[in-house]
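Here's the structure, in structure tokens; my notes come after.
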Amino acid sequence: MNNLESLVKELAPAYAAQIRFVEKPRADGKGYFLLKAAGNTLVVSGSDTIALAAGFHHYLKYFCNAHVSWCGRQTNVPDVMPLPEQEYVQVLPFALRPYMNFCTFGYTTVWWDWKRWKEEIDYMALNGINMPLSVTGVEMIWYRTLRRMGLSDIEARSFISGPAFLPWQWMVNMDSHLGPIPMEWLDSHLELGRKILEYQRAWGMKAILPGFSGHVPAIWAKRHPEARVIAGKEGWCNFPPVSLLDPTDPKFAEIMSIYFEELNAAFGTDHYYAIDLFHEQALPNDDPDYPHQCGEHTAQTLLKMDPEAIWVMQAWSERKGIVEAIPKDHLLMLDIGKDRLAATDGLYGVPAVWGRINNFGGQTKIQGNLAEIPERLQELRGRFPNLTGVGAFPENLIANPVFFDLLFEQALTD
């Protein structure tokens, strides 16, 4: 049984024998789904598996009055299966539909098991998500990289923060907080991360994997005085300052190469890598050429490791010099919630995704400007031809489902 058939049996078992899926790409290459009746059968056609899942979800919502949410499911479908009176087709205007924020893996998913992850991935498919950020298990990649850098077992595990704080370590905001991380956690979550990626790819999703942004242990820096390590003057949110390896230092390329060898050996690749140099950090000097040099050196190392690599950068604390140093066809900017696309008059013309965070710090209060989503998106589409996607980047899930239902749908319709 494939994923689609399994999902139908889970959400509308009474209709399972009357729904047929047909994957059929359009001649123009655009994504779409189409619903039509054939006798007493519903035929769902679509450009790919995700489009078919989105088509089935549209049918559940708008023909059966069902609803699948983070906050519960209402799947009391009619006894008699409703069928479209005429064909319904929806062309998908955006090829890229990413999902999740690094913080999500601390505020929401940190203690999830495989069962809960499978539910979320099915939820992603129903909502047309095709580019999830996939972070689970990367702590083992870091452990293996640190060991190859010469750290002992306890030194490596002490550098890696406790599970609920890992996202802020991956964003180079902190390290070593509530460590050392247990080996049992590293082993179990490497396996969980592999299962997550395998299932996401079975749906046809292209995962964004976390890359290397120069974060190194202070103990490694002490042992390598020849390396240009940037010691932060102030810590993020009162945490101790972290040590960042200068991207123009040869050691940066050496460690980045080790990291990517371990990452791709463990998880394979879909060629999308999240890298944010100096995320919420000050630059170490005022040389106007320095950001360009950082971007250039990092991009060269990345493309040497993976010639098909796409550097995925958050439009949050981005620097123009870094952005402009990266080949445009190897960069994707995520405007996750600060309206950087508009503020920079197009994010320097590189491929860009617009989206919303809508909550910070694990908040669960009901909030969100619903009218702003379609209005803002219509405005941006008219102004910026480099807008290639719409994404959802909540720091916390299981909150504000109406807001995100609308955001998901706007990514699937014009």
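Chain labels run A, B, ... following the order of the structure tokens; each chain numbers its residues from 1, and ligands are numbered from 1 in the order shown.
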
All helix (DSSP H, G or I) positions in region 121-345 of chain A, as JSON, numbers by chain: {"A": [121, 122, 123, 124, 125, 126, 138, 139, 140, 141, 142, 143, 144, 145, 146, 147, 148, 153, 154, 155, 156, 157, 158, 159, 163, 164, 165, 166, 167, 168, 169, 170, 183, 184, 185, 186, 187, 188, 189, 190, 191, 192, 193, 194, 195, 196, 197, 198, 199, 200, 201, 202, 218, 219, 220, 221, 222, 223, 236, 237, 238, 250, 251, 252, 253, 254, 255, 256, 257, 258, 259, 260, 261, 262, 263, 264, 265, 266, 267, 290, 291, 292, 293, 294, 295, 296, 297, 298, 299, 300, 301, 302, 303, 304, 305, 320, 321, 322, 323, 324, 328, 329, 330, 340, 341, 342, 343]}

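The residue that comes closest to Leu4 (chain A), out of A:Phe252, A:Tyr259, A:Trp168, A:Trp203 and on the basis of only C-alpha atoms, is A:Trp203.
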
Looking only at strand (DSSP E or B) from DSSP on the backbone, list the matching residues of region 29-130 of chain A as a list in words.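 In region 29-130 of chain A, DSSP puts these residues in strand (DSSP E or B): Gly31, Tyr32, Phe33, Leu34, Leu35, Lys36, Ala37, Ala38, Thr41, Leu42, Val43, Val44, Ser45, Gly46, His67, Val68, Ser69, Gly72, Arg73, Gln74, Tyr88, Val89, Gln90, Val91, Leu92, Leu96, Pro98 and Tyr99 of chain A.
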
Please list as an MDAnalysis selection string every residue within 12 Å of Gln281 (chain A), counting only C-alpha atoms and excluding residues in the same chain fewer than 6 positions away. chainID A and resid 171:174 213 215 230:237 241:244 316:319

Restricting the calculation to only C-alpha atoms: of A:Val138, A:Phe21, A:Ala315, A:Ser45, which residue gets closest to Glu280 (chain A)? A:Ala315

Skipping near chain neighbours, those fewer than 6 positions away, what residues fall within 12 Å of Glu184 (chain A) using only C-alpha atoms, listed as number ranges by chain? A: 137, 139-140, 157, 163, 190-191

Using Å and a single decimal, report how far CA of Leu263 (chain A) sits from CA of Leu178 (chain A).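 According to the coordinates, CA of Leu178 (chain A) and CA of Leu263 (chain A) are separated by 24.1 Å.
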
Taking into account only C-alpha atoms, which residue in the set A:Gln169, A:Glu375, A:Gly204, A:Ala411 is nearest to His279 (chain A)?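 Result for the nearest residue to His279 (chain A): A:Gln169.
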
Who sits within 12 Å of Asn127 (chain A), only C-alpha atoms, same chain under 4 positions skipped, as JSON, numbers by chain: {"A": [49, 50, 51, 52, 53, 54, 55, 56, 57, 58, 60, 61, 67, 68, 69, 70, 92, 97, 98, 99, 120, 121, 122, 123, 131, 132, 391, 392, 404, 405, 406, 407, 408, 409, 410, 411, 412, 413]}

Could you write out that same residue set with C-alpha atoms as a PDB file, in the first residue's frame?
```
ATOM      1  CA  THR A  49       2.579  12.740  -5.058  1.00  0.00           C
ATOM      2  CA  ILE A  50       2.429  15.907  -2.952  1.00  0.00           C
ATOM      3  CA  ALA A  51      -0.008  17.504  -5.404  1.00  0.00           C
ATOM      4  CA  LEU A  52      -2.175  14.385  -5.216  1.00  0.00           C
ATOM      5  CA  ALA A  53      -2.185  14.552  -1.411  1.00  0.00           C
ATOM      6  CA  ALA A  54      -3.122  18.247  -1.554  1.00  0.00           C
ATOM      7  CA  GLY A  55      -5.926  17.382  -3.985  1.00  0.00           C
ATOM      8  CA  PHE A  56      -7.275  14.721  -1.643  1.00  0.00           C
ATOM      9  CA  HIS A  57      -7.091  17.202   1.238  1.00  0.00           C
ATOM     10  CA  HIS A  58      -9.011  19.788  -0.805  1.00  0.00           C
ATOM     11  CA  LEU A  60     -11.955  16.326   2.260  1.00  0.00           C
ATOM     12  CA  LYS A  61     -12.327  19.982   3.246  1.00  0.00           C
ATOM     13  CA  HIS A  67     -10.793  18.984   8.801  1.00  0.00           C
ATOM     14  CA  VAL A  68      -7.314  17.736   9.697  1.00  0.00           C
ATOM     15  CA  SER A  69      -5.453  19.938  12.164  1.00  0.00           C
ATOM     16  CA  TRP A  70      -2.624  20.028  14.687  1.00  0.00           C
ATOM     17  CA  LEU A  92      -0.067  25.439  -7.976  1.00  0.00           C
ATOM     18  CA  ARG A  97       6.754  25.302  -0.207  1.00  0.00           C
ATOM     19  CA  PRO A  98       9.101  25.000   2.792  1.00  0.00           C
ATOM     20  CA  TYR A  99       8.135  24.361   6.390  1.00  0.00           C
ATOM     21  CA  GLU A 120       3.236  15.424  11.008  1.00  0.00           C
ATOM     22  CA  ILE A 121       4.772  14.343   7.709  1.00  0.00           C
ATOM     23  CA  ASP A 122       1.367  13.160   6.489  1.00  0.00           C
ATOM     24  CA  TYR A 123      -0.003  16.545   7.592  1.00  0.00           C
ATOM     25  CA  MET A 131      10.594  21.333   1.520  1.00  0.00           C
ATOM     26  CA  PRO A 132      10.684  20.543   5.246  1.00  0.00           C
ATOM     27  CA  GLY A 391       6.432  28.811   3.388  1.00  0.00           C
ATOM     28  CA  ALA A 392       5.317  28.425   6.984  1.00  0.00           C
ATOM     29  CA  PHE A 404      -1.660  28.355   9.108  1.00  0.00           C
ATOM     30  CA  ASP A 405      -4.507  26.677   7.189  1.00  0.00           C
ATOM     31  CA  LEU A 406      -4.859  29.947   5.295  1.00  0.00           C
ATOM     32  CA  LEU A 407      -1.117  30.290   4.781  1.00  0.00           C
ATOM     33  CA  PHE A 408      -0.837  26.724   3.471  1.00  0.00           C
ATOM     34  CA  GLU A 409      -3.724  27.290   1.078  1.00  0.00           C
ATOM     35  CA  GLN A 410      -2.264  30.545  -0.245  1.00  0.00           C
ATOM     36  CA  ALA A 411       0.820  28.603  -1.280  1.00  0.00           C
ATOM     37  CA  LEU A 412      -1.394  26.331  -3.370  1.00  0.00           C
ATOM     38  CA  THR A 413      -3.646  28.789  -5.181  1.00  0.00           C
TER      39      THR A 413
END
```

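Here CA of Val77 (chain A) stands at a distance of 28.2 Å from CA of Met205 (chain A).
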
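When the distance limit is 9 Å and only C-alpha atoms are what count, the residues near Trp354 (chain A), minus those fewer than 2 positions from it on the same chain, are Met333, Leu334, Asp335, Ile336, Gly337, Asp339, Arg340, Leu341, Ala352, Arg356, Leu377, Leu380, Leu387, Thr388, Gly389, Val390, Gly391 and Ala392 of chain A.
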
Between CA of Asn130 (chain A) and CA of Val323 (chain A), what distance in Å does the model show, to one decimal? 24.2 Å

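Remark: for Lys320 (chain A), the closest of the candidate residues A:Thr136, A:Asn65, A:Asn2, A:Gln293 is A:Gln293 (distances computed over only C-alpha atoms).
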
Any idea what's packed within 8 Å of region 297-303 of chain A, counting only C-alpha atoms, ignoring anything in its chain fewer than 5 positions away? Could you give it as JSON, numbers by chain? {"A": [247, 248, 253, 256, 257, 308, 309, 311, 325, 326]}

For the selection you just gave me, I'd like the residues written to a file as a PDB file, in the first residue's frame, keeping all heavy atoms.
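What ended up in selection.pdb:
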```
ATOM      1  N   PRO A 247      35.166  32.417   8.332  1.00  0.00           N
ATOM      2  CA  PRO A 247      34.915  31.680   7.079  1.00  0.00           C
ATOM      3  C   PRO A 247      36.031  31.795   6.052  1.00  0.00           C
ATOM      4  O   PRO A 247      36.100  30.968   5.132  1.00  0.00           O
ATOM      5  CB  PRO A 247      33.620  32.319   6.558  1.00  0.00           C
ATOM      6  CG  PRO A 247      32.940  32.852   7.767  1.00  0.00           C
ATOM      7  CD  PRO A 247      34.058  33.333   8.652  1.00  0.00           C
ATOM      8  N   THR A 248      36.906  32.794   6.200  1.00  0.00           N
ATOM      9  CA  THR A 248      38.007  32.932   5.243  1.00  0.00           C
ATOM     10  C   THR A 248      39.248  32.150   5.670  1.00  0.00           C
ATOM     11  O   THR A 248      40.227  32.102   4.930  1.00  0.00           O
ATOM     12  CB  THR A 248      38.382  34.414   5.071  1.00  0.00           C
ATOM     13  OG1 THR A 248      38.914  34.929   6.299  1.00  0.00           O
ATOM     14  CG2 THR A 248      37.168  35.242   4.667  1.00  0.00           C
ATOM     15  N   ALA A 253      37.091  25.689   5.807  1.00  0.00           N
ATOM     16  CA  ALA A 253      36.815  24.767   4.697  1.00  0.00           C
ATOM     17  C   ALA A 253      37.117  23.330   5.095  1.00  0.00           C
ATOM     18  O   ALA A 253      36.387  22.401   4.722  1.00  0.00           O
ATOM     19  CB  ALA A 253      37.638  25.163   3.476  1.00  0.00           C
ATOM     20  N   MET A 256      34.297  22.231   7.530  1.00  0.00           N
ATOM     21  CA  MET A 256      33.053  22.158   6.775  1.00  0.00           C
ATOM     22  C   MET A 256      33.019  20.913   5.893  1.00  0.00           C
ATOM     23  O   MET A 256      31.991  20.245   5.776  1.00  0.00           O
ATOM     24  CB  MET A 256      32.893  23.412   5.919  1.00  0.00           C
ATOM     25  CG  MET A 256      31.560  23.516   5.192  1.00  0.00           C
ATOM     26  SD  MET A 256      31.429  25.094   4.312  1.00  0.00           S
ATOM     27  CE  MET A 256      29.772  24.952   3.632  1.00  0.00           C
ATOM     28  N   SER A 257      34.148  20.571   5.301  1.00  0.00           N
ATOM     29  CA  SER A 257      34.221  19.380   4.458  1.00  0.00           C
ATOM     30  C   SER A 257      34.001  18.111   5.275  1.00  0.00           C
ATOM     31  O   SER A 257      33.303  17.179   4.829  1.00  0.00           O
ATOM     32  CB  SER A 257      35.575  19.324   3.746  1.00  0.00           C
ATOM     33  OG  SER A 257      35.733  20.433   2.885  1.00  0.00           O
ATOM     34  N   GLU A 308      25.708  20.422  -6.839  1.00  0.00           N
ATOM     35  CA  GLU A 308      24.291  20.757  -7.013  1.00  0.00           C
ATOM     36  C   GLU A 308      23.713  21.487  -5.815  1.00  0.00           C
ATOM     37  O   GLU A 308      22.498  21.734  -5.744  1.00  0.00           O
ATOM     38  CB  GLU A 308      23.481  19.476  -7.244  1.00  0.00           C
ATOM     39  CG  GLU A 308      23.868  18.682  -8.476  1.00  0.00           C
ATOM     40  CD  GLU A 308      23.042  17.424  -8.610  1.00  0.00           C
ATOM     41  OE1 GLU A 308      21.802  17.523  -8.641  1.00  0.00           O
ATOM     42  OE2 GLU A 308      23.643  16.327  -8.635  1.00  0.00           O
ATOM     43  N   ALA A 309      24.561  21.876  -4.884  1.00  0.00           N
ATOM     44  CA  ALA A 309      24.092  22.444  -3.616  1.00  0.00           C
ATOM     45  C   ALA A 309      23.329  23.744  -3.813  1.00  0.00           C
ATOM     46  O   ALA A 309      23.685  24.581  -4.649  1.00  0.00           O
ATOM     47  CB  ALA A 309      25.276  22.674  -2.688  1.00  0.00           C
ATOM     48  N   TRP A 311      22.352  26.781  -1.276  1.00  0.00           N
ATOM     49  CA  TRP A 311      22.540  27.390   0.038  1.00  0.00           C
ATOM     50  C   TRP A 311      21.211  28.034   0.422  1.00  0.00           C
ATOM     51  O   TRP A 311      20.737  28.948  -0.238  1.00  0.00           O
ATOM     52  CB  TRP A 311      23.649  28.417  -0.058  1.00  0.00           C
ATOM     53  CG  TRP A 311      23.998  29.175   1.197  1.00  0.00           C
ATOM     54  CD1 TRP A 311      23.208  29.398   2.278  1.00  0.00           C
ATOM     55  CD2 TRP A 311      25.247  29.837   1.471  1.00  0.00           C
ATOM     56  NE1 TRP A 311      23.863  30.152   3.210  1.00  0.00           N
ATOM     57  CE2 TRP A 311      25.115  30.437   2.746  1.00  0.00           C
ATOM     58  CE3 TRP A 311      26.434  29.980   0.765  1.00  0.00           C
ATOM     59  CZ2 TRP A 311      26.160  31.174   3.327  1.00  0.00           C
ATOM     60  CZ3 TRP A 311      27.460  30.703   1.342  1.00  0.00           C
ATOM     61  CH2 TRP A 311      27.332  31.298   2.601  1.00  0.00           C
ATOM     62  N   ALA A 325      27.800  37.379  -2.956  1.00  0.00           N
ATOM     63  CA  ALA A 325      28.980  36.563  -3.280  1.00  0.00           C
ATOM     64  C   ALA A 325      28.623  35.151  -3.720  1.00  0.00           C
ATOM     65  O   ALA A 325      29.478  34.420  -4.215  1.00  0.00           O
ATOM     66  CB  ALA A 325      29.906  36.503  -2.066  1.00  0.00           C
ATOM     67  N   ILE A 326      27.372  34.765  -3.549  1.00  0.00           N
ATOM     68  CA  ILE A 326      26.937  33.395  -3.834  1.00  0.00           C
ATOM     69  C   ILE A 326      26.278  33.355  -5.210  1.00  0.00           C
ATOM     70  O   ILE A 326      25.441  34.208  -5.519  1.00  0.00           O
ATOM     71  CB  ILE A 326      25.938  32.922  -2.762  1.00  0.00           C
ATOM     72  CG1 ILE A 326      26.529  33.099  -1.361  1.00  0.00           C
ATOM     73  CG2 ILE A 326      25.527  31.476  -2.991  1.00  0.00           C
ATOM     74  CD1 ILE A 326      25.505  33.044  -0.255  1.00  0.00           C
TER      75      ILE A 326
END
```

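With only C-alpha atoms as the atoms that count, the residue of A:Phe267, A:Arg376, A:Asp175, A:Gly211 with the shortest distance to Phe239 (chain A) is A:Asp175.
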